[in-house]
Structure formats: C-alpha cells, structure tokens
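upload.cif (mmCIF, C-alpha atoms and all ligand atoms) appears below.
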```cif
data_start
loop_
_atom_site.label_atom_id
_atom_site.label_comp_id
_atom_site.auth_asym_id
_atom_site.auth_seq_id
_atom_site.Cartn_x
_atom_site.Cartn_y
_atom_site.Cartn_z
CA MET A 5 0.86 -26.41 5.88
CA GLU A 6 0.84 -22.93 7.38
CA ILE A 7 2.80 -21.50 4.47
CA LYS A 8 0.34 -22.96 1.99
CA LEU A 9 -2.53 -21.37 3.90
CA VAL A 10 -0.90 -17.92 3.87
CA GLN A 11 -0.23 -18.23 0.14
CA LYS A 12 -3.88 -19.08 -0.46
CA VAL A 13 -5.07 -16.02 1.47
CA MET A 14 -2.77 -13.79 -0.56
CA LYS A 15 -3.90 -15.36 -3.83
CA VAL A 16 -7.56 -14.78 -2.98
CA ASN A 17 -6.78 -11.18 -2.04
CA ASP A 18 -4.92 -10.61 -5.31
CA GLU A 19 -7.86 -11.94 -7.32
CA LEU A 20 -10.32 -9.73 -5.44
CA ALA A 21 -7.99 -6.74 -5.91
CA GLN A 22 -8.02 -7.30 -9.66
CA GLY A 23 -11.82 -7.23 -9.52
CA VAL A 24 -11.72 -3.89 -7.65
CA ARG A 25 -9.24 -2.53 -10.20
CA LYS A 26 -11.47 -3.57 -13.11
CA ARG A 27 -14.55 -1.93 -11.58
CA LEU A 28 -12.71 1.32 -10.92
CA ARG A 29 -11.16 1.44 -14.39
CA ALA A 30 -14.51 0.74 -16.02
CA ALA A 31 -15.88 3.73 -14.11
CA GLY A 32 -12.84 5.88 -14.99
CA VAL A 33 -11.82 6.28 -11.35
CA ALA A 34 -8.14 6.35 -10.36
CA CYS A 35 -7.30 4.83 -6.98
CA VAL A 36 -4.63 5.72 -4.43
CA ASN A 37 -3.70 3.60 -1.39
CA MET A 38 -2.30 5.79 1.41
CA MET A 39 -0.12 4.09 3.99
CA SER A 40 1.74 5.29 7.09
CA ALA A 41 2.15 4.76 10.81
CA PRO A 42 -0.72 5.97 13.02
CA GLY A 43 -0.61 9.73 13.48
CA SER A 44 1.53 10.63 10.46
CA GLY A 45 -1.27 12.74 9.02
CA LYS A 46 -3.02 10.66 6.34
CA THR A 47 -6.44 12.07 7.22
CA SER A 48 -5.02 15.59 7.41
CA LEU A 49 -3.47 15.15 3.95
CA ILE A 50 -6.84 14.13 2.54
CA GLU A 51 -8.55 17.07 4.28
CA ALA A 52 -5.92 19.46 2.92
CA ALA A 53 -6.46 18.17 -0.63
CA LEU A 54 -10.24 18.48 -0.31
CA ARG A 55 -9.99 22.04 0.95
CA HIS A 56 -7.55 23.14 -1.75
CA CYS A 57 -8.68 21.29 -4.87
CA GLY A 58 -11.95 23.16 -5.39
CA GLY A 59 -13.80 20.02 -6.47
CA ALA A 60 -11.28 19.09 -9.19
CA PRO A 61 -10.62 16.23 -9.21
CA ARG A 62 -13.83 14.85 -7.70
CA ILE A 63 -12.53 12.86 -4.72
CA GLY A 64 -14.15 9.99 -2.82
CA VAL A 65 -12.63 8.44 0.29
CA ILE A 66 -12.52 5.05 1.97
CA GLU A 67 -11.32 5.25 5.57
CA GLY A 68 -9.74 2.21 7.21
CA ASP A 69 -9.44 2.03 10.98
CA PRO A 70 -9.55 -0.70 13.61
CA ASP A 71 -12.36 1.16 15.36
CA THR A 72 -14.41 4.41 15.40
CA THR A 73 -15.74 6.63 12.61
CA LEU A 74 -13.66 9.63 13.73
CA ASP A 75 -11.70 9.98 10.47
CA ALA A 76 -14.77 9.46 8.27
CA GLU A 77 -16.55 12.20 10.22
CA ARG A 78 -13.67 14.61 9.46
CA ILE A 79 -13.86 13.76 5.75
CA ALA A 80 -17.67 13.94 5.65
CA ALA A 81 -17.41 17.44 7.13
CA CYS A 82 -15.56 18.42 3.92
CA GLY A 83 -18.68 17.48 1.93
CA VAL A 84 -17.38 14.51 -0.08
CA PRO A 85 -18.51 10.86 -0.25
CA VAL A 86 -16.81 8.70 2.37
CA VAL A 87 -17.14 5.12 3.59
CA GLN A 88 -15.62 3.97 6.87
CA ILE A 89 -14.31 0.43 7.13
CA ASN A 90 -13.73 -0.81 10.68
CA THR A 91 -11.45 -3.82 10.73
CA ASP A 92 -12.41 -4.75 14.31
CA GLY A 93 -8.81 -4.68 15.43
CA GLY A 94 -7.35 -5.84 12.10
CA CYS A 95 -4.06 -4.15 11.20
CA HIS A 96 -4.64 -3.60 7.46
CA LEU A 97 -7.30 -3.36 4.76
CA GLU A 98 -7.93 -6.20 2.33
CA ALA A 99 -9.43 -6.15 -1.15
CA ASN A 100 -12.69 -7.84 -0.11
CA LEU A 101 -13.40 -4.98 2.33
CA VAL A 102 -12.67 -2.37 -0.34
CA GLY A 103 -14.84 -4.25 -2.83
CA ARG A 104 -17.78 -4.12 -0.43
CA ALA A 105 -17.21 -0.43 0.30
CA LEU A 106 -17.35 0.38 -3.43
CA GLY A 107 -21.03 -0.57 -3.32
CA ASP A 108 -21.66 2.43 -1.07
CA LEU A 109 -20.04 4.92 -3.46
CA ASP A 110 -21.39 6.44 -6.68
CA LEU A 111 -18.34 5.80 -8.85
CA ASP A 112 -19.76 7.80 -11.76
CA ALA A 113 -19.52 10.90 -9.57
CA LEU A 114 -15.79 10.41 -8.85
CA ASP A 115 -12.47 10.98 -10.62
CA ILE A 116 -10.27 9.55 -7.90
CA LEU A 117 -10.69 7.32 -4.86
CA LEU A 118 -8.37 7.80 -1.88
CA ILE A 119 -8.08 4.81 0.43
CA GLU A 120 -6.68 5.62 3.86
CA ASN A 121 -5.25 2.33 5.07
CA VAL A 122 -5.00 1.32 8.72
CA GLY A 123 -2.04 3.07 10.40
CA ASN A 124 0.75 0.49 10.20
CA LEU A 125 4.10 0.41 8.38
CA VAL A 126 4.22 -3.36 7.88
CA CYS A 127 0.95 -5.25 7.38
CA PRO A 128 -0.86 -3.10 4.74
CA VAL A 129 2.08 -3.31 2.34
CA GLY A 130 1.47 -6.95 1.32
CA PHE A 131 -2.18 -6.46 0.38
CA ASP A 132 -3.13 -5.16 -3.05
CA LEU A 133 -6.40 -3.25 -2.76
CA GLY A 134 -6.83 -2.64 -6.49
CA GLU A 135 -5.07 0.71 -6.34
CA ASP A 136 -3.19 2.40 -9.20
CA LYS A 137 -0.75 4.28 -6.98
CA ARG A 138 0.68 3.98 -3.49
CA VAL A 139 1.56 6.88 -1.22
CA ALA A 140 3.87 6.44 1.78
CA VAL A 141 3.50 9.13 4.44
CA VAL A 142 6.06 9.78 7.19
CA SER A 143 6.13 12.67 9.64
CA VAL A 144 9.35 14.23 10.89
CA THR A 145 8.47 13.35 14.51
CA GLU A 146 8.74 9.64 13.67
CA GLY A 147 12.43 9.90 12.81
CA HIS A 148 14.58 9.71 9.69
CA ASP A 149 15.21 5.98 10.08
CA LYS A 150 11.72 4.76 9.13
CA PRO A 151 12.47 4.05 5.43
CA ALA A 152 15.54 2.04 6.43
CA LYS A 153 13.57 0.04 9.02
CA TYR A 154 10.43 -0.48 6.92
CA PRO A 155 11.88 -0.67 3.39
CA LYS A 156 9.07 -2.57 1.67
CA LEU A 157 6.60 0.31 2.00
CA PHE A 158 9.06 2.76 0.45
CA ARG A 159 10.23 0.42 -2.32
CA GLY A 160 6.68 0.13 -3.61
CA ALA A 161 5.62 3.76 -3.19
CA ASP A 162 4.81 6.07 -6.12
CA LEU A 163 5.01 9.13 -3.86
CA VAL A 164 6.71 9.68 -0.49
CA VAL A 165 5.27 12.51 1.59
CA LEU A 166 7.26 13.92 4.51
CA ASN A 167 4.63 15.56 6.68
CA LYS A 168 4.84 17.96 9.66
CA ALA A 169 7.85 19.64 8.03
CA ASP A 170 7.09 22.77 10.10
CA LEU A 171 8.36 20.84 13.15
CA LEU A 172 11.84 20.23 11.67
CA PRO A 173 13.51 22.91 13.85
CA TYR A 174 12.33 21.10 16.99
CA VAL A 175 13.30 17.51 16.23
CA ASP A 176 16.52 15.66 15.41
CA PHE A 177 15.57 14.64 11.89
CA ASP A 178 18.47 13.92 9.53
CA MET A 179 17.02 15.00 6.17
CA ALA A 180 20.04 13.81 4.15
CA PHE A 181 19.86 10.33 5.72
CA PHE A 182 16.10 10.17 5.08
CA ARG A 183 16.35 11.25 1.44
CA ASP A 184 19.38 9.08 0.69
CA THR A 185 17.63 6.02 2.11
CA VAL A 186 14.44 6.64 0.11
CA ARG A 187 16.47 7.21 -3.09
CA ARG A 188 18.46 4.01 -2.51
CA LEU A 189 15.25 1.99 -1.98
CA ASN A 190 13.27 3.61 -4.78
CA PRO A 191 15.39 5.64 -7.21
CA GLY A 192 13.48 8.44 -8.87
CA VAL A 193 10.45 8.32 -6.55
CA LEU A 194 8.82 11.72 -6.05
CA MET A 195 9.31 13.12 -2.53
CA LEU A 196 7.19 15.95 -1.17
CA ASP A 197 7.80 17.92 2.01
CA MET A 198 4.53 19.09 3.49
CA SER A 199 2.91 20.68 6.46
CA CYS A 200 -0.84 20.24 6.69
CA ARG A 201 -0.76 22.79 9.53
CA THR A 202 0.87 25.63 7.58
CA GLY A 203 -0.31 24.52 4.12
CA ASP A 204 3.24 24.29 2.73
CA GLY A 205 3.43 21.68 -0.03
CA VAL A 206 -0.33 21.23 -0.35
CA ASP A 207 -0.31 22.69 -3.88
CA ALA A 208 2.17 20.03 -5.02
CA TRP A 209 0.11 17.29 -3.36
CA VAL A 210 -3.06 18.47 -5.12
CA ALA A 211 -1.14 18.71 -8.42
CA TRP A 212 -0.02 15.09 -8.01
CA LEU A 213 -3.60 13.98 -7.34
CA ARG A 214 -4.85 15.85 -10.42
CA GLU A 215 -2.15 14.25 -12.56
CA THR A 216 -3.02 10.82 -11.16
CA ALA A 217 -6.76 11.35 -11.73
CA ALA A 218 -6.11 12.51 -15.31
CA ALA A 219 -3.81 9.59 -16.20
CA LYS A 220 -6.59 6.93 -15.99
CA ASN A 221 -4.78 4.38 -18.12
CA PHE A 222 -2.26 2.83 -15.80
CA VAL A 223 0.05 0.01 -16.70
MG MG A 301 -6.43 8.83 9.93
#
```
Represent the structure from my file as structure tokens, please.
Amino acid sequence: MEIKLVQKVMKVNDELAQGVRKRLRAAGVACVNMMSAPGSGKTSLIEAALRHCGGAPRIGVIEGDPDTTLDAERIAACGVPVVQINTDGGCHLEANLVGRALGDLDLDALDILLIENVGNLVCPVGFDLGEDKRVAVVSVTEGHDKPAKYPKLFRGADLVVLNKADLLPYVDFDMAFFRDTVRRLNPGVLMLDMSCRTGDGVDAWVAWLRETAAAKNFV
C-alpha cells in the first residue's frame, strides 16, 4: 500500500514537471536545477554568475529553502527577478511549487531560469522540476567522498562544480579520489573547479550558462 502511494506521488510530480518544461520551452527559457548540501555555495555561484555575465544571458532565479528569504534577498540585490519558495521544513522542491512560482516571473524577459534547490544531497534528486540540466555542487570542505556516498546526484548531473577550491591547501581533500569517483559514476561529465571568493572558475561557469541558454532545444 505504502509503495503504491509513493509511486503515485512521483507520477503526479513527473506530470507536473512536464507541464513546467512545456511552459518554459514555449517561452524559450532554459532551466537549470542546482543541487548540493547546505552551505556548498549554490547562492554564491548564482551571485557570481549574475555579477560576471553582464546581463547575458538574462537570468531569473527560484530560491528553495525550508525557511527565510535570506537567499532571495541576496539575489534581489543583484537586480534580477527572483521568487523564494519556502517549503516549511520540506527537504526538497517539487514541480507543483515550481509551477506556481513561474506565475510570478515574466518568462518573456528571461533566457535561463536557475532553480536553487533545498540544500540536501538525497531528497531533491528524485524530483523532476521540469529542468533541462542539473548541476551538482560540492565544496572541498565537505570531503572527497561525497560522490561515492551520494552517487545518484552525481550520476544524473550535467555539470559538477567543486567550489571553495581556494581552501584546498587547508583541508585533506583527495582530488584524484574525487575526480575518479565522479568519472566512474558519470563518464564524460564536465567538472569545474571554482572559488566564488577569489573568482577563479567563474568565467567557465558563466560560459556554461550561456551555452545552456543558447541551446534551447534539449532532448
Ligand atoms: Mg543558498
């Protein structure tokens, strides 16, 4: 009985996600679902892109958090459209929440929508939000073993960002182990080393977003 119920929830989410995908494609807006543990730097990555991209592509943001509008306030300070979703303690975003948030955005004024999921390496992975691409973010302070311990996120990622790379000299982070694990889980996936603090790697991140925004026709 319980299994049937879970399957039904997932099926409803998948249908709603397809609706979100259709609306975004009709408006010519690419969509990226950003996932990581809390504190890896998802919001900082979005801020860095906004500061460096010079308005191209035109970026809109949906912020997912259990509580507060702190992240949305940081994004709004960059002068771009942002909608905060509070999940009231929920550990992931679902397509119905994203669908409702789309109503608060002028899609015609956007090239790409960045969805910052709730900080969590497990729960968000199973929920399609209607995105075209998935980004997995890890910071070096979390340890090199995260892809091995949370493989599903990395298997399904289109881009893996290793953030806070400026802290590498101060932590025991085995880069070879990290990269080998990611490659084993997801051969050929693009990996970017970044530091939002120093700005290293931000150019490559912005280039990836521009490429994603320009692609439009995803399969
Ligand atoms: Mg955040």
Inset, instruction - Name the closest residue to A:Leu28 among the candidates A:Leu163, A:Leu118, A:Ala180, A:Leu106; distances are taken between atoms, counting all atoms listed in the file. - result: A:Leu106
Legend entry - Close residues, stretch 16-21 of chain A itself excluded, 10 Å, only C-alpha atoms, min 4 positions apart in chain, as a list in words: Gln11, Lys12, Arg25, Lys26, Arg27, Glu98, Ala99, Asn100, Leu101, Val102, Gly103, Gly130, Phe131, Asp132, Leu133, Gly134 and Glu135 of chain A
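Using only C-alpha atoms and all ligand atoms as the basis for the distance check, residues found within 9 Å of ligand MG 301 (chain A) are Pro42, Gly43, Ser44, Gly45, Lys46, Thr47, Ser48, Glu67, Gly68, Asp69, Leu74, Asp75, Ala76, Glu120, Asn121, Val122 and Gly123 of chain A.
Proximity ranking of A:Leu172, A:Leu97, A:Leu111, A:Val84 relative to A:Pro70 places A:Leu97 first, based on only C-alpha atoms.
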Inset, instruction - Give the answer as one residue: which of A:Asp162, A:Asp108, A:Asp71, A:Asp149 has the shortest atom-to-atom distance to A:Met39, using all atoms listed in the file? - result: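 Nearest to A:Met39: A:Asp162.
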Legend entry - From A:Ala80, A:Val129, A:Cys57, A:Ala41, residue lying nearest A:Val144 [all atoms listed in the file]: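 Comparing A:Ala80, A:Val129, A:Cys57, A:Ala41 against A:Val144, the winner is A:Ala41.
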Legend entry - Neighbour list for A:Leu114 as JSON, numbers by chain, cut-off 7 Å, all atoms listed in the file, skip fewer than 4 positions in-chain: {"A": [33, 62, 63, 64]}
Legend entry - Point-to-point distance from atom CA of A:Leu109 to atom CA of A:Glu51, Å rounded to tenths: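 Atom-to-atom, atom CA of A:Leu109 to atom CA of A:Glu51, that is 18.4 Å.
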Inset, instruction - Around the point (16.4, 11.8, 4.9), in the coordinates given by the file, pick out the residues reaching within 10 Å, counting all atoms listed in the file, and return them as a PyMOL selection string. - result: chain A and resi 144+147-152+166+177-187
Legend entry - Shell of 12 Å around A:Ile116, only C-alpha atoms, local chain residues under 5 positions omitted, as a PyMOL selection string: chain A and resi 28-29+31-37+50+53-54+59-66+84-85+109-111+135-137+210+212-220
Completed stretch 31-52 of chain A (N, CA and C atoms) as a tab-separated table (two decimals), keeping the file's coordinate frame:
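The result, stored in part08.tsv:
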```
chain	number	residue	atom	x	y	z
A	31	ALA	N	-15.18	2.50	-14.49
A	31	ALA	CA	-15.88	3.73	-14.11
A	31	ALA	C	-15.00	4.97	-14.33
A	32	GLY	N	-13.76	4.75	-14.76
A	32	GLY	CA	-12.84	5.88	-14.99
A	32	GLY	C	-12.38	6.55	-13.71
A	33	VAL	N	-12.24	5.74	-12.65
A	33	VAL	CA	-11.82	6.28	-11.35
A	33	VAL	C	-10.41	5.79	-11.02
A	34	ALA	N	-9.49	6.71	-10.81
A	34	ALA	CA	-8.14	6.35	-10.36
A	34	ALA	C	-8.20	6.04	-8.86
A	35	CYS	N	-7.25	5.24	-8.39
A	35	CYS	CA	-7.30	4.83	-6.98
A	35	CYS	C	-5.92	4.91	-6.33
A	36	VAL	N	-5.88	5.51	-5.15
A	36	VAL	CA	-4.63	5.72	-4.43
A	36	VAL	C	-4.74	5.09	-3.04
A	37	ASN	N	-3.76	4.26	-2.70
A	37	ASN	CA	-3.70	3.60	-1.39
A	37	ASN	C	-2.69	4.35	-0.52
A	38	MET	N	-3.17	4.97	0.56
A	38	MET	CA	-2.30	5.79	1.41
A	38	MET	C	-1.92	5.01	2.67
A	39	MET	N	-0.60	4.89	2.87
A	39	MET	CA	-0.12	4.09	3.99
A	39	MET	C	0.86	4.87	4.85
A	40	SER	N	0.80	4.64	6.16
A	40	SER	CA	1.74	5.29	7.09
A	40	SER	C	1.55	4.67	8.46
A	41	ALA	N	2.37	5.11	9.40
A	41	ALA	CA	2.15	4.76	10.81
A	41	ALA	C	0.95	5.55	11.32
A	42	PRO	N	0.36	5.15	12.45
A	42	PRO	CA	-0.72	5.97	13.02
A	42	PRO	C	-0.20	7.35	13.38
A	43	GLY	N	-0.97	8.38	13.05
A	43	GLY	CA	-0.61	9.73	13.48
A	43	GLY	C	0.32	10.49	12.56
A	44	SER	N	0.63	9.93	11.38
A	44	SER	CA	1.53	10.63	10.46
A	44	SER	C	0.82	11.77	9.72
A	45	GLY	N	-0.51	11.66	9.65
A	45	GLY	CA	-1.27	12.74	9.02
A	45	GLY	C	-1.97	12.35	7.72
A	46	LYS	N	-2.32	11.08	7.56
A	46	LYS	CA	-3.02	10.66	6.34
A	46	LYS	C	-4.36	11.40	6.20
A	47	THR	N	-5.13	11.41	7.27
A	47	THR	CA	-6.44	12.07	7.22
A	47	THR	C	-6.26	13.57	6.97
A	48	SER	N	-5.27	14.15	7.61
A	48	SER	CA	-5.02	15.59	7.41
A	48	SER	C	-4.61	15.89	5.97
A	49	LEU	N	-3.85	14.99	5.36
A	49	LEU	CA	-3.47	15.15	3.95
A	49	LEU	C	-4.70	15.13	3.04
A	50	ILE	N	-5.61	14.22	3.34
A	50	ILE	CA	-6.84	14.13	2.54
A	50	ILE	C	-7.67	15.40	2.74
A	51	GLU	N	-7.80	15.83	4.00
A	51	GLU	CA	-8.55	17.07	4.28
A	51	GLU	C	-7.93	18.25	3.55
A	52	ALA	N	-6.61	18.33	3.57
A	52	ALA	CA	-5.92	19.46	2.92
A	52	ALA	C	-6.20	19.46	1.42
```
